[in-house]
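K.L.:
I am attaching a structure below and will ask some questions about it afterwards.
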Protein chains: 2
Amino acid sequence: MPLSEKALISRIRRRAATGRRVITGVGDDCAVLRIPAGREVLVTTDFTIEGVHFRRAWHPPEVVGFRCLARGLSDIAAMGGEPQAAFLSLAVPRELPQRWINRFLKGLFGLVSAFSVTLAGGDTSESPHGVLADIVVVGSVPKGKAILRSTARPGDRIYVTGELGGAAAALKELMAGGKVSPKDFPRLFHPDPRVAVGRFLGKQELASAMIDLSDGLSTDLAHICEESGVGAEILEAAIPRARIGPKRTEVDIDHALHGGEDYELLFTAHRGKRVPNRIAGVAVTLIGEVTRSRRVILRGSTGKGSPLQPQGWQHFRK
Amino acid sequence: MPLSEKALISRIRRRAATGRRVITGVGDDCAVLRIPAGREVLVTTDFTIEGVHFRRAWHPPEVVGFRCLARGLSDIAAMGGEPQAAFLSLAVPRELPQRWINRFLKGLFGLVSAFSVTLAGGDTSESPHGVLADIVVVGSVPKGKAILRSTARPGDRIYVTGELGGAAAALKELMAGGKVSPKDFPRLFHPDPRVAVGRFLGKQELASAMIDLSDGLSTDLAHICEESGVGAEILEAAIPRARIGPKRTEVDIDHALHGGEDYELLFTAHRGKRVPNRIAGVAVTLIGEVTRSRRVILRGSTGKGSPLQPQGWQHFRK
């Protein structure tokens, strides 16, 4: 084991913990978790690969670590669940400065604390090329209460949390060689997993289906429609666009429609449900309706409808 | 998403399943698992990285896929647990032939079937360099009955399953440019996770501590000793050495002592326990004893003892 890997394990181990729900953590063949009675287990895994999900030249290490865990927490939020334990698998190239790892872990550990998640294990390895991370988050949800993608019904209303397109707009700036300050582009740097919103929607039984916006509205809405066997109609004017940069400019509609990595929630609710316009401090906006026809239609400001093609979030290409 | 990734997801999805214990699998933000009442959850994650854990030139794709999951199942076995669901995160380079992926999945799915595990999710991505896999296995164990590394006590006896050093000996042949047939070197190509043995030891409450031999006897025994705050004395002559090659030659003692990736079990048992010499068809061999002094001593055939240094399994270096 190269020294840096040993140092890495020791750093992770110092930070890892056991607790009421994590009986055995780092340091055994498996972690042992205790799931509260009457709950089901949620499991999600997300890669973070250098050159695919981030670039060392563009993303400060703290941001990479933060977002690495944020992606998993956001998946738990999208089921209406409660995160419980995280597992970090991290492979680093030999030439990677120790400082980069320290800053990466700082970003990740910050989120571990903020969400009271236990870092309960993982794996480490040398990487032949670039940084590779895979994060697993285990959570739980009351039995039978997980909010799925496949349970939207025609007539349900469609909502999103927060504002969309901020991460994509920031990434565009970065790709064009611009300077991007974390303060001006908060969603790219520090997306805030909507765990409290998801939990509220689950507890109040408000949402009929839910997904997190990791790939972009057009793609993630298509996922809900496909899994539920329904269509959707959304109003362009209703889509809450992120305001970015020092002048708080609204992002282009294309960024709001297709940009990924905002980690907001997209959910549907039966039209009889009263959905608050603010949940856990986060704005909730009605953007459209689920339809019986299996197409997704975007209705412009003139009232004209056109098919909304999912434009899959491609991260960035080399 | 590149076409090959789409094809990959569709192949995995066709094979993935839900069942009595996996309520929701691939196709949602998280998998939803139901854990039987009175049991705790086991979670283990293992990287399989091209150039670190395997080489395309040496390892047939079926073997890479098989071993990828075998590593996780072996960790569940080492806790005395029952595997329940597996999650495959797989990133592949654009130039990777589809056939390689198909054969990789064939090897992995073979083991999924053999152990009645449900493939319940994962992640896919493009990889900028080489194949990257991370496997997560979730299992369960009766509450409070997980067999840890940290609970060996002085006076306990030390046992191993099967034979040791076979994988390392095969790897040495490969590294020297030799021809290695899977038939002659079964442990390297198709290690058999000792789930039934682990479960038996747990059920009968025979083992006081346990670990799987992924890094090699000297390293993994040191792990048990370190976590338990004890030492050990083992008898060189008692160590069951693998017989390999067409002539069934015993491997060198160094391979049996330090070679990794055999995925046998190393466990301790109180001296009052009657440990069978065969469990679930697998040989079980007494090789030594846990001591109060914190050193690990290897006693040679002359009776002379010398410290056994953990010689960590390094996979192979570029």
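Identifiers in the structure tokens: chain A, B, ... in order shown; residue index from 1 per chain; ligand index from 1 in order shown.
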Write out as a ChimeraX atom specification the residues lying within 12 Å of A:Glu226, counting only C-alpha atoms and excluding same-chain residues fewer than 5 positions away.
P.N.:
/A:149-153,219-221,231-232,290,292-296,310 /B:27-28
K.L.:
Env of stretch 99-101 of chain A: 12 Å cut, atoms = only C-alpha atoms, seq-sep filter 2 positions within chain, self excluded. Answer as number ranges by chain.
P.N.:
A: 4-5, 7-9, 11-12, 56-57, 59-65, 90-97, 103-109, 131-133
K.L.:
May I have the selected residues written with C-alpha atoms, as a tab-separated table (two decimals), in the first residue's frame?
P.N.:
chain	number	residue	atom	x	y	z
A	4	SER	CA	-0.50	8.15	0.59
A	5	GLU	CA	-3.13	5.40	0.67
A	7	ALA	CA	-2.42	8.22	5.18
A	8	LEU	CA	-5.74	8.39	3.41
A	9	ILE	CA	-7.15	5.44	5.31
A	11	ARG	CA	-7.53	10.24	7.84
A	12	ILE	CA	-10.83	8.64	6.90
A	56	ARG	CA	-9.09	19.46	-11.10
A	57	ALA	CA	-8.43	22.74	-12.96
A	59	HIS	CA	-13.35	22.48	-9.34
A	60	PRO	CA	-11.70	23.22	-6.01
A	61	PRO	CA	-11.13	19.96	-4.08
A	62	GLU	CA	-13.57	20.95	-1.30
A	63	VAL	CA	-16.27	21.33	-3.93
A	64	VAL	CA	-15.51	17.92	-5.44
A	65	GLY	CA	-15.75	16.30	-2.00
A	90	LEU	CA	-11.63	6.68	-3.17
A	91	ALA	CA	-8.80	5.88	-5.55
A	92	VAL	CA	-6.10	8.49	-6.01
A	93	PRO	CA	-3.12	8.69	-8.36
A	94	ARG	CA	0.33	8.56	-6.78
A	95	GLU	CA	1.23	12.07	-7.84
A	96	LEU	CA	-1.85	13.65	-6.22
A	97	PRO	CA	-0.75	16.16	-3.57
A	103	ARG	CA	-9.22	19.59	1.03
A	104	PHE	CA	-11.44	17.01	-0.72
A	105	LEU	CA	-12.11	15.29	2.62
A	106	LYS	CA	-12.76	18.64	4.28
A	107	GLY	CA	-15.54	19.35	1.78
A	108	LEU	CA	-17.02	15.90	2.20
A	109	PHE	CA	-16.76	15.83	6.00
A	131	VAL	CA	-9.19	10.66	-8.97
A	132	LEU	CA	-12.02	8.13	-8.75
A	133	ALA	CA	-14.65	8.28	-6.06
K.L.:
Wanna dump the chain B-chain A contacts at 7 Å for me, each residue with its shortest atom pair and the distance in Å to one decimal, counting only C-alpha atoms, ordered by chain and number, as CSV?
P.N.:
residue,atom,partner,partner_atom,distance
B:Met1,CA,A:Gln314,CA,6.0
B:Asp28,CA,A:Arg149,CA,6.0
B:Asp29,CA,A:Asp75,CA,5.1
B:Cys30,CA,A:Thr44,CA,4.8
B:Ala31,CA,A:Val43,CA,5.2
B:Val32,CA,A:Leu42,CA,4.8
B:Leu33,CA,A:Val41,CA,4.9
B:Arg34,CA,A:Glu40,CA,5.2
B:Ile35,CA,A:Glu40,CA,7.0
B:Glu40,CA,A:Arg34,CA,5.2
B:Val41,CA,A:Leu33,CA,4.9
B:Leu42,CA,A:Val32,CA,4.8
B:Val43,CA,A:Ala31,CA,5.2
B:Thr44,CA,A:Cys30,CA,4.8
B:Thr45,CA,A:Gly122,CA,5.6
B:Asp46,CA,A:Asp123,CA,5.9
B:Phe47,CA,A:Asp123,CA,6.7
B:Gly51,CA,A:Pro128,CA,6.5
B:Asp75,CA,A:Asp29,CA,5.1
B:Ile76,CA,A:Cys30,CA,6.6
B:Ala78,CA,A:Asp29,CA,6.5
B:Met79,CA,A:Asp29,CA,6.9
B:Gly122,CA,A:Thr45,CA,5.6
B:Asp123,CA,A:Asp46,CA,5.9
B:Pro128,CA,A:Gly51,CA,6.5
B:His129,CA,A:His129,CA,6.5
B:Leu148,CA,A:Asp28,CA,6.5
B:Arg149,CA,A:Asp28,CA,6.0
B:Ile211,CA,A:Asp29,CA,6.5
B:Gly312,CA,A:Met1,CA,6.9
B:Gln314,CA,A:Met1,CA,6.0
K.L.:
Pick the closest to B:Phe267 from B:Thr249, B:Ser208, B:Ser214, B:Ser228: which is it, counting only C-alpha atoms?
P.N.:
B:Ser208
K.L.:
For A:Gln309, which residue out of A:Gly216, A:Pro142, A:Gly110, A:Pro83 is the nearest one, using only C-alpha atoms?
P.N.:
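Distance minimum relative to A:Gln309 lands on A:Gly216.
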K.L.:
Can you list, as a ChimeraX atom specification, every protein, DNA or RNA residue that comes within 10 Å of stretch 165-178 of chain A when you count only C-alpha atoms, leaving out same-chain residues fewer than 6 positions away?
P.N.:
/A:57-59,184-191,216-217,240-245,250-263,313,315-316
K.L.:
Please return, as number ranges by chain, all residues of stretch 68-279 of chain B that DSSP assigns to strand (DSSP E or B) on the basis of the backbone.
P.N.:
B: 82-92, 118-126, 132-142, 157-161, 164, 209-212, 231-235, 241, 243-244, 249-250, 265-269, 278-279
K.L.:
Tell me, as a VMD selection string, which residues lie within 6 Å of stretch 193-197 of chain A, counting only C-alpha atoms; anything in the same chain fewer than 2 positions away does not count.
P.N.:
chain A and resid 70 73 to 74 77 199 to 200 279 to 280
K.L.:
Identify which of the residues A:Val230, A:Val26, A:Ile158, A:Leu266 lies closest to A:Glu289, counting only C-alpha atoms when measuring atom-to-atom distances.
P.N.:
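Looking only at the distances to A:Glu289, the closest residue turns out to be A:Ile158.
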K.L.:
Please identify the alpha helix (DSSP H) residues within stretch 242-308 of chain B (assignment by DSSP from backbone atoms) and present them as a list in words.
P.N.:
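Assigned to alpha helix (DSSP H), within stretch 242-308 of chain B: Ile253, Asp254, His255, Ala256, Leu257 and His258 of chain B.
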K.L.:
Would you compute the distance between atom CA of A:Gly229 and atom CA of A:Thr161? Give it in Å to one decimal.
P.N.:
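Here the two named atoms are 23.2 Å from each other.
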K.L.:
Rounded to one decimal in Å, what is the spacing between atom CA of B:Pro154 and atom CA of B:Leu308?
P.N.:
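Here the two named atoms are 17.7 Å from each other.
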K.L.:
Could you name the residues that touch B:Ser301 at 12 Å or less, counting only C-alpha atoms, but leaving out those on the same chain fewer than 6 positions away, as a VMD selection string?
P.N.:
chain B and resid 234 to 239
